Every structure is written in structure tokens, then in C-alpha cells.
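Structure data follow from work08.csv (CSV, C-alpha atoms and all ligand atoms):
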chain,number,residue,atom,x,y,z
A,1,MET,CA,14.1,-21.6,-2.7
A,2,GLN,CA,13.0,-21.3,0.9
A,3,LYS,CA,11.1,-18.1,1.7
A,4,THR,CA,12.8,-16.2,4.5
A,5,ALA,CA,10.3,-14.8,7.1
A,6,HIS,CA,10.6,-11.1,7.7
A,7,LYS,CA,12.3,-10.2,10.9
A,8,VAL,CA,10.1,-7.6,12.3
A,9,ALA,CA,11.5,-5.0,14.8
A,10,VAL,CA,9.3,-5.9,17.8
A,11,HIS,CA,11.1,-3.4,20.0
A,12,ASP,CA,9.4,-0.6,18.0
A,13,PRO,CA,5.8,-0.4,19.2
A,14,ILE,CA,4.8,2.2,16.6
A,15,TRP,CA,6.0,-0.1,13.8
A,16,VAL,CA,4.3,-3.1,15.4
A,17,THR,CA,1.0,-1.1,15.6
A,18,VAL,CA,1.3,0.0,12.0
A,19,ARG,CA,1.9,-3.5,10.8
A,20,ASN,CA,-1.0,-4.9,12.8
A,21,GLU,CA,-3.3,-2.2,11.4
A,22,ALA,CA,-2.1,-3.1,7.8
A,23,ALA,CA,-2.6,-6.8,8.3
A,24,ASP,CA,-6.1,-6.2,9.7
A,25,MET,CA,-7.0,-3.8,6.8
A,26,ALA,CA,-5.6,-6.3,4.2
A,27,ALA,CA,-7.8,-9.0,5.6
A,28,ARG,CA,-10.9,-6.8,5.6
A,29,GLU,CA,-10.3,-5.2,2.2
A,30,PRO,CA,-8.8,-7.7,-0.3
A,31,ILE,CA,-8.5,-5.2,-3.1
A,32,LEU,CA,-6.0,-3.2,-0.9
A,33,ALA,CA,-4.1,-6.3,0.1
A,34,SER,CA,-1.3,-6.2,-2.5
A,35,PHE,CA,-0.8,-2.5,-1.9
A,36,LEU,CA,-0.6,-3.0,1.9
A,37,HIS,CA,1.8,-5.9,1.4
A,38,ALA,CA,4.1,-3.9,-0.9
A,39,THR,CA,4.0,-0.8,1.2
A,40,ILE,CA,4.0,-2.1,4.8
A,41,LEU,CA,3.9,-5.8,5.3
A,42,ASN,CA,6.9,-6.7,3.1
A,43,HIS,CA,9.2,-4.5,5.2
A,44,ASP,CA,11.0,-5.3,8.4
A,45,ARG,CA,11.5,-1.8,9.7
A,46,PHE,CA,9.4,1.4,9.8
A,47,GLU,CA,12.1,3.3,7.9
A,48,ASN,CA,12.2,0.8,5.1
A,49,ALA,CA,8.4,1.0,4.6
A,50,LEU,CA,8.6,4.8,4.7
A,51,SER,CA,11.5,4.9,2.2
A,52,PHE,CA,9.6,2.6,-0.1
A,53,HIS,CA,6.3,4.5,0.0
A,54,LEU,CA,7.8,8.0,-0.3
A,55,ALA,CA,10.1,6.9,-3.2
A,56,GLN,CA,7.0,5.4,-4.9
A,57,LYS,CA,5.2,8.7,-4.5
A,58,LEU,CA,8.1,11.0,-5.5
A,59,GLY,CA,9.7,8.9,-8.2
A,60,SER,CA,9.2,10.3,-11.7
A,61,ALA,CA,10.0,9.5,-15.3
A,62,GLU,CA,13.4,11.2,-14.8
A,63,VAL,CA,14.3,9.6,-11.5
A,64,ARG,CA,12.6,6.2,-11.0
A,65,ALA,CA,11.3,5.2,-7.5
A,66,MET,CA,13.8,2.4,-7.2
A,67,LEU,CA,16.7,4.9,-7.6
A,68,LEU,CA,15.1,7.5,-5.4
A,69,ARG,CA,15.1,5.0,-2.5
A,70,GLN,CA,18.8,5.5,-2.2
A,71,PRO,CA,18.8,9.0,-0.6
A,72,PHE,CA,16.0,7.9,1.8
A,73,ASP,CA,17.8,4.8,2.9
A,74,GLU,CA,21.1,6.7,3.2
A,75,ALA,CA,19.7,9.5,5.3
A,76,PHE,CA,17.8,7.1,7.6
A,77,ALA,CA,20.9,4.9,8.1
A,78,ALA,CA,23.2,7.8,8.7
A,79,ASP,CA,21.0,9.7,11.2
A,80,PRO,CA,18.7,7.6,13.4
A,81,ASP,CA,17.4,10.8,14.8
A,82,ILE,CA,15.4,11.2,11.6
A,83,GLY,CA,13.5,8.0,12.4
A,84,ASN,CA,12.8,9.3,15.9
A,85,ALA,CA,11.5,12.6,14.5
A,86,VAL,CA,9.3,10.7,12.1
A,87,ARG,CA,7.8,8.7,14.9
A,88,ALA,CA,7.1,11.8,17.0
A,89,ASP,CA,5.4,13.4,14.0
A,90,LEU,CA,3.3,10.3,13.4
A,91,MET,CA,2.2,10.4,17.1
A,92,ALA,CA,1.5,14.1,16.9
A,93,VAL,CA,-0.9,13.6,14.0
A,94,LYS,CA,-2.6,10.7,15.8
A,95,GLU,CA,-3.0,12.7,18.9
A,96,ARG,CA,-4.1,16.0,17.3
A,97,ASP,CA,-6.1,15.2,14.2
A,98,PRO,CA,-9.6,14.0,15.0
A,99,ALA,CA,-9.8,12.6,11.5
A,100,CYS,CA,-6.9,10.3,12.2
A,101,LYS,CA,-8.1,6.9,13.4
A,102,TRP,CA,-5.1,4.7,12.7
A,103,LEU,CA,-1.4,5.3,12.7
A,104,LEU,CA,-1.4,3.8,9.2
A,105,GLN,CA,-3.4,6.7,7.8
A,106,PRO,CA,-0.8,9.5,7.8
A,107,LEU,CA,1.9,7.1,6.6
A,108,LEU,CA,-0.2,6.0,3.6
A,109,TYR,CA,-2.3,9.0,2.8
A,110,PHE,CA,-1.7,12.3,4.6
A,111,LYS,CA,0.1,14.8,2.4
A,112,GLY,CA,1.3,16.9,5.3
A,113,PHE,CA,3.0,13.9,7.1
A,114,GLN,CA,4.5,12.6,3.8
A,115,ALA,CA,5.8,16.1,2.8
A,116,LEU,CA,7.3,16.6,6.2
A,117,GLU,CA,9.1,13.3,6.3
A,118,ALA,CA,10.4,13.6,2.8
A,119,SER,CA,11.6,17.1,3.7
A,120,ARG,CA,13.6,15.7,6.6
A,121,VAL,CA,15.5,13.6,4.1
A,122,ALA,CA,15.9,16.5,1.8
A,123,HIS,CA,17.3,18.5,4.8
A,124,TRP,CA,19.8,15.8,5.5
A,125,MET,CA,20.9,15.7,1.8
A,126,TRP,CA,21.2,19.6,1.9
A,127,ASN,CA,23.5,19.4,4.9
A,128,ASN,CA,25.6,16.5,3.7
A,129,GLY,CA,26.9,17.5,0.3
A,130,HIS,CA,24.0,16.6,-1.9
A,131,GLN,CA,22.2,19.9,-2.5
A,132,ALA,CA,21.2,18.9,-6.0
A,133,ILE,CA,19.3,15.9,-4.7
A,134,ALA,CA,17.8,18.1,-1.9
A,135,MET,CA,16.5,20.5,-4.6
A,136,PHE,CA,15.1,17.7,-6.7
A,137,LEU,CA,13.3,16.3,-3.7
A,138,GLN,CA,12.0,19.8,-2.8
A,139,ALA,CA,10.5,20.2,-6.3
A,140,ARG,CA,8.9,16.7,-6.3
A,141,ILE,CA,7.5,17.2,-2.8
A,142,SER,CA,6.0,20.4,-3.9
A,143,GLU,CA,4.5,18.9,-7.1
A,144,VAL,CA,3.2,15.7,-5.5
A,145,PHE,CA,2.1,16.9,-2.0
A,146,GLY,CA,1.5,20.6,-2.6
A,147,ALA,CA,3.8,21.8,0.1
A,148,ASP,CA,7.0,23.8,-0.8
A,149,ILE,CA,9.5,23.3,2.1
A,150,HIS,CA,13.0,24.6,1.5
A,151,PRO,CA,15.5,21.9,2.4
A,152,ALA,CA,17.6,24.3,4.5
A,153,ALA,CA,14.6,25.1,6.8
A,154,ARG,CA,15.1,23.8,10.3
A,155,LEU,CA,12.3,21.6,11.6
A,156,GLY,CA,11.9,20.2,15.1
A,157,ARG,CA,9.9,17.1,15.9
A,158,GLY,CA,6.4,16.3,16.9
A,159,ILE,CA,5.2,18.6,14.1
A,160,MET,CA,1.8,18.3,12.4
A,161,ILE,CA,1.1,19.9,9.0
A,162,ASP,CA,-2.6,19.3,8.5
A,163,HIS,CA,-3.9,19.0,4.9
A,164,ALA,CA,-0.6,20.5,3.6
A,165,THR,CA,-1.8,22.0,0.4
A,166,GLY,CA,-0.3,25.4,-0.2
A,167,VAL,CA,2.1,25.4,2.7
A,168,VAL,CA,5.3,27.3,2.0
A,169,ILE,CA,8.3,27.2,4.4
A,170,GLY,CA,11.2,29.4,3.5
A,171,GLU,CA,14.9,28.8,3.5
A,172,THR,CA,15.8,30.4,6.9
A,173,ALA,CA,12.6,29.5,8.7
A,174,VAL,CA,12.7,27.6,11.9
A,175,VAL,CA,9.8,25.4,13.2
A,176,ASP,CA,10.4,24.2,16.8
A,177,ASP,CA,9.1,21.0,18.4
A,178,ASP,CA,5.3,20.4,18.8
A,179,VAL,CA,4.1,23.0,16.3
A,180,SER,CA,0.9,22.5,14.4
A,181,MET,CA,0.0,24.2,11.2
A,182,LEU,CA,-2.8,23.9,8.7
A,183,HIS,CA,-3.0,24.3,5.0
A,184,GLU,CA,-1.9,27.4,3.1
A,185,VAL,CA,0.3,28.6,5.9
A,186,THR,CA,3.3,30.7,4.6
A,187,LEU,CA,6.5,31.2,6.6
A,188,GLY,CA,7.9,33.6,4.1
A,189,GLY,CA,10.0,36.7,3.6
A,190,THR,CA,8.6,40.2,3.2
A,191,GLY,CA,10.6,40.7,0.0
A,192,LYS,CA,12.5,43.5,1.7
A,193,GLU,CA,15.1,41.5,3.6
A,194,SER,CA,17.9,39.2,2.5
A,195,GLY,CA,19.9,36.6,4.5
A,196,ASP,CA,18.1,35.4,7.6
A,197,ARG,CA,14.6,36.6,6.5
A,198,HIS,CA,12.0,34.0,7.5
A,199,PRO,CA,9.9,33.4,10.6
A,200,LYS,CA,10.9,31.4,13.7
A,201,VAL,CA,8.0,29.5,15.2
A,202,ARG,CA,8.6,28.5,18.7
A,203,ARG,CA,7.5,25.3,20.5
A,204,GLY,CA,3.9,24.4,20.6
A,205,ALA,CA,2.5,27.2,18.5
A,206,MET,CA,-0.6,26.7,16.4
A,207,LEU,CA,-0.8,28.4,13.0
A,208,GLY,CA,-4.4,28.5,11.6
A,209,ALA,CA,-5.2,27.8,7.9
A,210,GLY,CA,-4.0,30.5,5.5
A,211,ALA,CA,-1.9,32.4,8.1
A,212,LYS,CA,0.8,34.4,6.4
A,213,LEU,CA,3.9,35.0,8.6
A,214,LEU,CA,6.3,37.3,6.9
A,215,GLY,CA,9.8,38.4,7.8
A,216,ASN,CA,12.4,37.4,10.4
A,217,ILE,CA,9.8,37.5,13.2
A,218,GLU,CA,9.3,35.2,16.2
A,219,ILE,CA,6.0,33.5,17.1
A,220,GLY,CA,6.3,32.9,20.8
A,221,GLU,CA,5.8,29.4,22.3
A,222,TYR,CA,2.3,28.1,22.7
A,223,SER,CA,0.8,31.1,20.9
A,224,ARG,CA,-2.0,30.8,18.3
A,225,VAL,CA,-2.3,32.6,15.0
A,226,GLY,CA,-5.8,32.9,13.6
A,227,ALA,CA,-6.8,31.6,10.2
A,228,GLY,CA,-6.2,34.1,7.4
A,229,SER,CA,-4.0,36.4,9.5
A,230,VAL,CA,-1.0,38.3,8.2
A,231,VAL,CA,1.6,38.4,10.9
A,232,LEU,CA,4.3,41.1,10.4
A,233,GLU,CA,5.7,41.5,14.0
A,234,ASN,CA,6.9,39.4,16.8
A,235,VAL,CA,4.2,37.6,18.8
A,236,PRO,CA,4.8,37.0,22.5
A,237,ARG,CA,4.3,33.6,24.1
A,238,CYS,CA,0.9,32.2,25.0
A,239,VAL,CA,-1.2,34.8,23.2
A,240,THR,CA,-3.7,34.6,20.3
A,241,VAL,CA,-3.2,36.9,17.3
A,242,ALA,CA,-5.6,37.4,14.4
A,243,GLY,CA,-6.4,39.8,11.6
A,244,VAL,CA,-4.7,41.6,8.8
A,245,PRO,CA,-2.2,42.8,10.0
A,246,ALA,CA,-2.4,40.5,13.0
A,247,LYS,CA,-3.0,42.0,16.5
A,248,ILE,CA,-3.1,40.3,19.9
A,249,VAL,CA,-6.8,39.4,20.5
A,250,GLY,CA,-6.4,37.4,23.7
A,251,THR,CA,-4.6,34.6,25.5
A,252,ASN,CA,-3.9,31.3,23.9
A,253,GLY,CA,-7.0,29.7,25.6
A,254,CYS,CA,-5.3,26.5,26.6
A,255,ASP,CA,-1.9,25.3,27.8
A,256,GLN,CA,-0.7,23.7,24.6
A,257,PRO,CA,-2.7,25.0,21.6
A,258,ALA,CA,-0.8,23.0,19.0
A,259,ARG,CA,-1.5,19.7,20.8
A,260,GLN,CA,-5.2,20.5,21.5
A,261,MET,CA,-5.7,22.1,18.1
A,262,ASP,CA,-8.1,24.5,19.9
A,263,GLN,CA,-9.0,27.0,17.1
A,264,ARG,CA,-11.9,28.6,18.9
A,265,PHE,CA,-11.7,32.2,20.1
A,266,THR,CA,-13.1,32.5,23.6
A,267,ASP,CA,-15.0,35.6,25.0
A,268,ALA,CA,-11.7,36.4,26.7
A,269,ASP,CA,-9.9,36.4,23.4
A,270,LEU,CA,-12.4,38.8,21.8
A,271,SER,CA,-13.0,41.2,24.7
B,1,LIG,C1,2.9,44.5,1.1
B,1,LIG,C2,4.3,44.6,1.5
B,1,LIG,C3,5.1,44.6,0.2
B,1,LIG,C4,4.4,45.9,2.3
B,1,LIG,O1,5.7,46.4,2.3
B,1,LIG,P1,5.9,48.0,2.7
B,1,LIG,O2,5.2,48.8,1.7
B,1,LIG,O3,7.3,48.2,2.9
B,1,LIG,O4,5.1,48.1,4.0
B,1,LIG,P2,5.6,48.2,5.5
B,1,LIG,O5,6.2,46.9,6.0
B,1,LIG,O6,6.4,49.4,5.8
B,1,LIG,O7,4.2,48.3,6.3
B,1,LIG,C5,3.3,49.5,6.0
B,1,LIG,C6,2.0,49.2,6.7
B,1,LIG,O8,1.3,48.2,6.0
B,1,LIG,C7,1.0,47.1,6.8
B,1,LIG,N1,1.2,45.9,6.0
B,1,LIG,C8,2.4,45.5,5.4
B,1,LIG,N2,2.2,44.4,4.8
B,1,LIG,C9,0.9,44.1,4.9
B,1,LIG,C10,0.1,43.0,4.4
B,1,LIG,N3,0.6,42.0,3.7
B,1,LIG,N4,-1.2,43.0,4.8
B,1,LIG,C11,-1.8,44.0,5.5
B,1,LIG,N5,-1.1,45.0,6.0
B,1,LIG,C12,0.2,45.1,5.7
B,1,LIG,C13,2.0,47.2,8.0
B,1,LIG,O9,1.4,46.7,9.2
B,1,LIG,C14,2.1,48.7,8.1
B,1,LIG,O10,1.0,49.2,8.8
B,1,LIG,P3,1.2,50.5,9.8
B,1,LIG,O11,1.7,51.6,9.0
B,1,LIG,O12,-0.2,50.7,10.4
B,1,LIG,O13,2.2,50.1,10.9
B,1,LIG,C15,4.8,43.4,2.3
B,1,LIG,O14,4.5,43.5,3.7
B,1,LIG,C16,4.3,42.1,1.7
B,1,LIG,O15,3.2,41.7,2.0
B,1,LIG,N6,5.1,41.5,0.9
B,1,LIG,C17,4.8,40.2,0.2
B,1,LIG,C18,5.6,39.1,0.8
B,1,LIG,C19,5.2,37.8,0.5
B,1,LIG,O16,4.2,37.5,-0.2
B,1,LIG,N7,6.0,36.8,1.0
B,1,LIG,C20,5.8,35.4,0.7
B,1,LIG,C21,7.1,34.8,0.3
B,1,LIG,S1,6.9,33.1,0.2
As C-alpha cells, the full file:
Amino acid sequence: MQKTAHKVAVHDPIWVTVRNEAADMAAREPILASFLHATILNHDRFENALSFHLAQKLGSAEVRAMLLRQPFDEAFAADPDIGNAVRADLMAVKERDPACKWLLQPLLYFKGFQALEASRVAHWMWNNGHQAIAMFLQARISEVFGADIHPAARLGRGIMIDHATGVVIGETAVVDDDVSMLHEVTLGGTGKESGDRHPKVRRGAMLGAGAKLLGNIEIGEYSRVGAGSVVLENVPRCVTVAGVPAKIVGTNGCDQPARQMDQRFTDADLS
């Protein structure tokens, strides 16, 4: 039987770059070649590669990877905006994480990116009559990637979750576009409220490692939350808060803290 060449979507520069990186890596490191072919090079579209790889990661003895591809493929086909958000997230990681040298890295290896993209599919399932599948995905994402993201949480695009381990995002949380957060961030309830009870994080905010944001509070756009802070009250835009409980300690120090990932406090912050 004649082998059909894969028709690669050349109008998708991110996918073309990912494929070129994979081909280059496969040529340099033969022991990774079959993995890179199965995961990247055998696919014609970015969404197909992502669906294959995430299903491989999240499949289990109970629901095999091959079956688990169905929800991914269904969500990607029904809502092309998920693919757009995935691409924006990938570029966000490449721009903001100094440890990210290739676009291929988050796709293959970064738990935060993988958890976020699988959660986008869980969110689609949640909103489209498949809550049981959404809950299964949430549980597997938590087991495999260490990030517990409720499928009802509303997530913008261009988001970076760095390292991911220990991140918790509650049911009524909102994370706007261009937010960055590090490991062990909690967007949780106080335990005293019901209904709409989780934080709303506005555009471009940066949440340091271990920051605990509790309650239906708003973190203003382009603000920064210091590592290890416990935030219990609204935070205005363009400020830095830190401490337990968190207090305003200064201005955000830069125009777009989540993009620049500037986690230093300046003298102005501390005065
Ligand atoms: C500790 C907790 C139960 C306090 O509830 P509470 O007794 O009703 O306290 P209040 O909200 O009335 O706050 C009382 C004071 O303690 C402070 N405070 C509350 N929670 C705090 C915390 N976690 N760390 C430090 N200070 C805290 C408040 O700032 C307030 O200080 P003030 O009197 O100087 O203004 C609650 O804030 C909390 O941390 N719950 C755990 C929630 C959680 O883990 N959620 C994650 C879900 S995924």
C-alpha cells in the first residue's frame, strides 16, 4: 500500500515551528526519535498532536488513551477558539519562562501547560453536557500533573502556570488573559462563603509561588502578589501586595508584571 504523506498545516506558524524543532531533535537524539514521531511528526495539525499527547498522559487502566482522545478531538473540533487559546498559552510560556528554549518544551514536558490545556477541554465538556467526563479529566489532571483545576473555572488566554505542582483553582474562580502564576498558588474559598466564592484575577496579574488567594476577591489588572502571601481582600490594579495577610507594599514595578515575570521588590516597593 502506498504511504500517504502527511499534509501539514503550513498556515500555522506555531505548528510549523514545533514540527521543525521535533525533526531537528529527532535527528540529533535517535533514542527520542520514535517518541517524537509518535507525538509530533506523525500528526498533521497542532490540535491532533496535543490530543494524542495529552490522552497518552491522562489515559489510565480504566479509560485507555485511545478512548480518551475522543473528548479532546471533539472539543477541539467544536470550538476552534480552544486551539487559539492553546497557541496563546504556548507563546506566553516561551516569552515569559527563561527556562523555555523551544516551543516544543511546554508541549512535551511542562506540567503547567499540559494541565491548563487539558483543563480547557474539561471546561468545554463541563459546559456541553458531559460533566462526568469533565470530572474524570479533572481528577486525572490532578493526579498526573499535580494541579487541581475545577472544570467550571473560567480561564482566559495567554496564561502561564509555571511548574504547576500544587496549584488549586476553584469552581467559581476567574483567571483573565495574560495572567502568570507559579507553583502552589491557590485560588480558593475561605470556607465561610458558598456560591460565587473564589477569586477573580484580572488581566496581566502575576501570582508568586505559594500565594493563597481566598474568597470572592478581585486581584486588579497588572498587580503582583508576592510569594507566600495570603490575600484576603481586593487588590487594586498595578500594585504589589505581600505578606500574611497581604498588604500593599508598592507599585507593580513594571508595566506588565505577568509578561516580564518581574518578581523582585524594588526599593520603592519596600519603602
Ligand atoms: C483562617 C480562616 C478560617 C479565618 O477565618 P475567620 O476566623 O472567620 O477570620 P476573619 O476572616 O474574620 O479574619 C480575622 C483576622 O484574621 C486574619 N486572617 C484570616 N485568615 C487568615 C490567614 N489565612 N492568614 C493570616 N491571617 C488571616 C484576617 O486578616 C483578620 O485580620 P484583622 O482582624 O486584623 O482584620 C480563613 O481565613 C482561612 O484561612 N480559611 C482556610 C481557607 C482555605 O484553606 N481555602 C483553600 C480552599 S482550596
Could you list, as an NGL selection string, every residue within 9 Å of segment 139-155 of chain A, counting all atoms listed in the file and ignoring same-chain residues fewer than 3 positions away? :A and (57-60 or 110-112 or 114-116 or 118-127 or 131 or 134-136 or 159 or 164-177 or 183-184)
Restrict the selected residues to C-alpha atoms and save them as a CSV table (one decimal), in the coordinates of the input.
chain,number,residue,atom,x,y,z
A,57,LYS,CA,5.2,8.7,-4.5
A,58,LEU,CA,8.1,11.0,-5.5
A,59,GLY,CA,9.7,8.9,-8.2
A,60,SER,CA,9.2,10.3,-11.7
A,110,PHE,CA,-1.7,12.3,4.6
A,111,LYS,CA,0.1,14.8,2.4
A,112,GLY,CA,1.3,16.9,5.3
A,114,GLN,CA,4.5,12.6,3.8
A,115,ALA,CA,5.8,16.1,2.8
A,116,LEU,CA,7.3,16.6,6.2
A,118,ALA,CA,10.4,13.6,2.8
A,119,SER,CA,11.6,17.1,3.7
A,120,ARG,CA,13.6,15.7,6.6
A,121,VAL,CA,15.5,13.6,4.1
A,122,ALA,CA,15.9,16.5,1.8
A,123,HIS,CA,17.3,18.5,4.8
A,124,TRP,CA,19.8,15.8,5.5
A,125,MET,CA,20.9,15.7,1.8
A,126,TRP,CA,21.2,19.6,1.9
A,127,ASN,CA,23.5,19.4,4.9
A,131,GLN,CA,22.2,19.9,-2.5
A,134,ALA,CA,17.8,18.1,-1.9
A,135,MET,CA,16.5,20.5,-4.6
A,136,PHE,CA,15.1,17.7,-6.7
A,159,ILE,CA,5.2,18.6,14.1
A,164,ALA,CA,-0.6,20.5,3.6
A,165,THR,CA,-1.8,22.0,0.4
A,166,GLY,CA,-0.3,25.4,-0.2
A,167,VAL,CA,2.1,25.4,2.7
A,168,VAL,CA,5.3,27.3,2.0
A,169,ILE,CA,8.3,27.2,4.4
A,170,GLY,CA,11.2,29.4,3.5
A,171,GLU,CA,14.9,28.8,3.5
A,172,THR,CA,15.8,30.4,6.9
A,173,ALA,CA,12.6,29.5,8.7
A,174,VAL,CA,12.7,27.6,11.9
A,175,VAL,CA,9.8,25.4,13.2
A,176,ASP,CA,10.4,24.2,16.8
A,177,ASP,CA,9.1,21.0,18.4
A,183,HIS,CA,-3.0,24.3,5.0
A,184,GLU,CA,-1.9,27.4,3.1
Around ligand LIG 1 (chain B), which protein and nucleic acid residues have at least one atom no more than 9 Å from it, if we count all atoms listed in the file? List them as an NGL selection string. :A and (168-170 or 186-192 or 198 or 212-215 or 229-233 or 243-246)
What would the file look like if the residues just selected were written as an mmCIF file, in the frame of the given file with C-alpha atoms?
data_model
loop_
_atom_site.group_PDB
_atom_site.id
_atom_site.type_symbol
_atom_site.label_atom_id
_atom_site.label_comp_id
_atom_site.auth_asym_id
_atom_site.auth_seq_id
_atom_site.Cartn_x
_atom_site.Cartn_y
_atom_site.Cartn_z
ATOM 1 C CA VAL A 168 5.300 27.300 2.000
ATOM 2 C CA ILE A 169 8.300 27.200 4.400
ATOM 3 C CA GLY A 170 11.200 29.400 3.500
ATOM 4 C CA THR A 186 3.300 30.700 4.600
ATOM 5 C CA LEU A 187 6.500 31.200 6.600
ATOM 6 C CA GLY A 188 7.900 33.600 4.100
ATOM 7 C CA GLY A 189 10.000 36.700 3.600
ATOM 8 C CA THR A 190 8.600 40.200 3.200
ATOM 9 C CA GLY A 191 10.600 40.700 0.000
ATOM 10 C CA LYS A 192 12.500 43.500 1.700
ATOM 11 C CA HIS A 198 12.000 34.000 7.500
ATOM 12 C CA LYS A 212 0.800 34.400 6.400
ATOM 13 C CA LEU A 213 3.900 35.000 8.600
ATOM 14 C CA LEU A 214 6.300 37.300 6.900
ATOM 15 C CA GLY A 215 9.800 38.400 7.800
ATOM 16 C CA SER A 229 -4.000 36.400 9.500
ATOM 17 C CA VAL A 230 -1.000 38.300 8.200
ATOM 18 C CA VAL A 231 1.600 38.400 10.900
ATOM 19 C CA LEU A 232 4.300 41.100 10.400
ATOM 20 C CA GLU A 233 5.700 41.500 14.000
ATOM 21 C CA GLY A 243 -6.400 39.800 11.600
ATOM 22 C CA VAL A 244 -4.700 41.600 8.800
ATOM 23 C CA PRO A 245 -2.200 42.800 10.000
ATOM 24 C CA ALA A 246 -2.400 40.500 13.000
#
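Shortest separation to Val16 of chain A among A:Asp44, A:Asp81, A:Glu29, A:Glu117 occurs at residue A:Asp44, atoms counted being only C-alpha atoms.
Straight-line separation from atom CA of His53 of chain A to atom CA of Val185 of chain A: 25.5 Å.
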I need the residue nearest Trp15 of chain A from this list: A:Arg28, A:Arg202, A:Arg87, A:Arg64. Use only C-alpha atoms for the distance. A:Arg87
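With all atoms listed in the file as the basis for measurement, A:Leu107 is the residue among A:Ala209, A:Ala132, A:Leu107, A:Ala242 that approaches Leu36 of chain A most closely.
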Starting from the structure just given, write a file holding segment 194-206 of chain A with N, CA and C atoms, as a compact mmCIF listing (two decimals), in the first residue's frame.
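Result file is out30.txt:
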# COMPACT_ATOMS: atom_id res chain seq x y z
N SER A 194 -20.56 30.48 50.29
CA SER A 194 -20.97 29.47 49.31
C SER A 194 -21.30 30.21 48.01
N GLY A 195 -21.66 29.46 46.98
CA GLY A 195 -21.95 30.11 45.70
C GLY A 195 -20.69 30.68 45.09
N ASP A 196 -20.79 31.92 44.62
CA ASP A 196 -19.63 32.56 43.96
C ASP A 196 -18.61 32.93 45.04
N ARG A 197 -17.60 32.10 45.23
CA ARG A 197 -16.77 32.18 46.43
C ARG A 197 -15.27 32.21 46.17
N HIS A 198 -14.88 32.30 44.90
CA HIS A 198 -13.45 32.19 44.58
C HIS A 198 -12.92 33.48 43.95
N PRO A 199 -11.60 33.66 43.95
CA PRO A 199 -11.02 34.91 43.44
C PRO A 199 -11.20 35.13 41.94
N LYS A 200 -11.15 36.42 41.58
CA LYS A 200 -11.17 36.83 40.18
C LYS A 200 -9.83 37.54 39.93
N VAL A 201 -9.05 36.97 39.05
CA VAL A 201 -7.71 37.51 38.81
C VAL A 201 -7.72 38.23 37.47
N ARG A 202 -7.48 39.52 37.50
CA ARG A 202 -7.63 40.32 36.29
C ARG A 202 -6.36 40.32 35.44
N ARG A 203 -6.55 40.78 34.22
CA ARG A 203 -5.56 40.71 33.15
C ARG A 203 -4.13 41.05 33.62
N GLY A 204 -3.22 40.21 33.23
CA GLY A 204 -1.81 40.55 33.38
C GLY A 204 -1.26 40.49 34.79
N ALA A 205 -2.06 39.97 35.74
CA ALA A 205 -1.54 39.89 37.11
C ALA A 205 -0.51 38.76 37.21
N MET A 206 0.37 38.88 38.19
CA MET A 206 1.41 37.86 38.42
C MET A 206 1.28 37.37 39.86
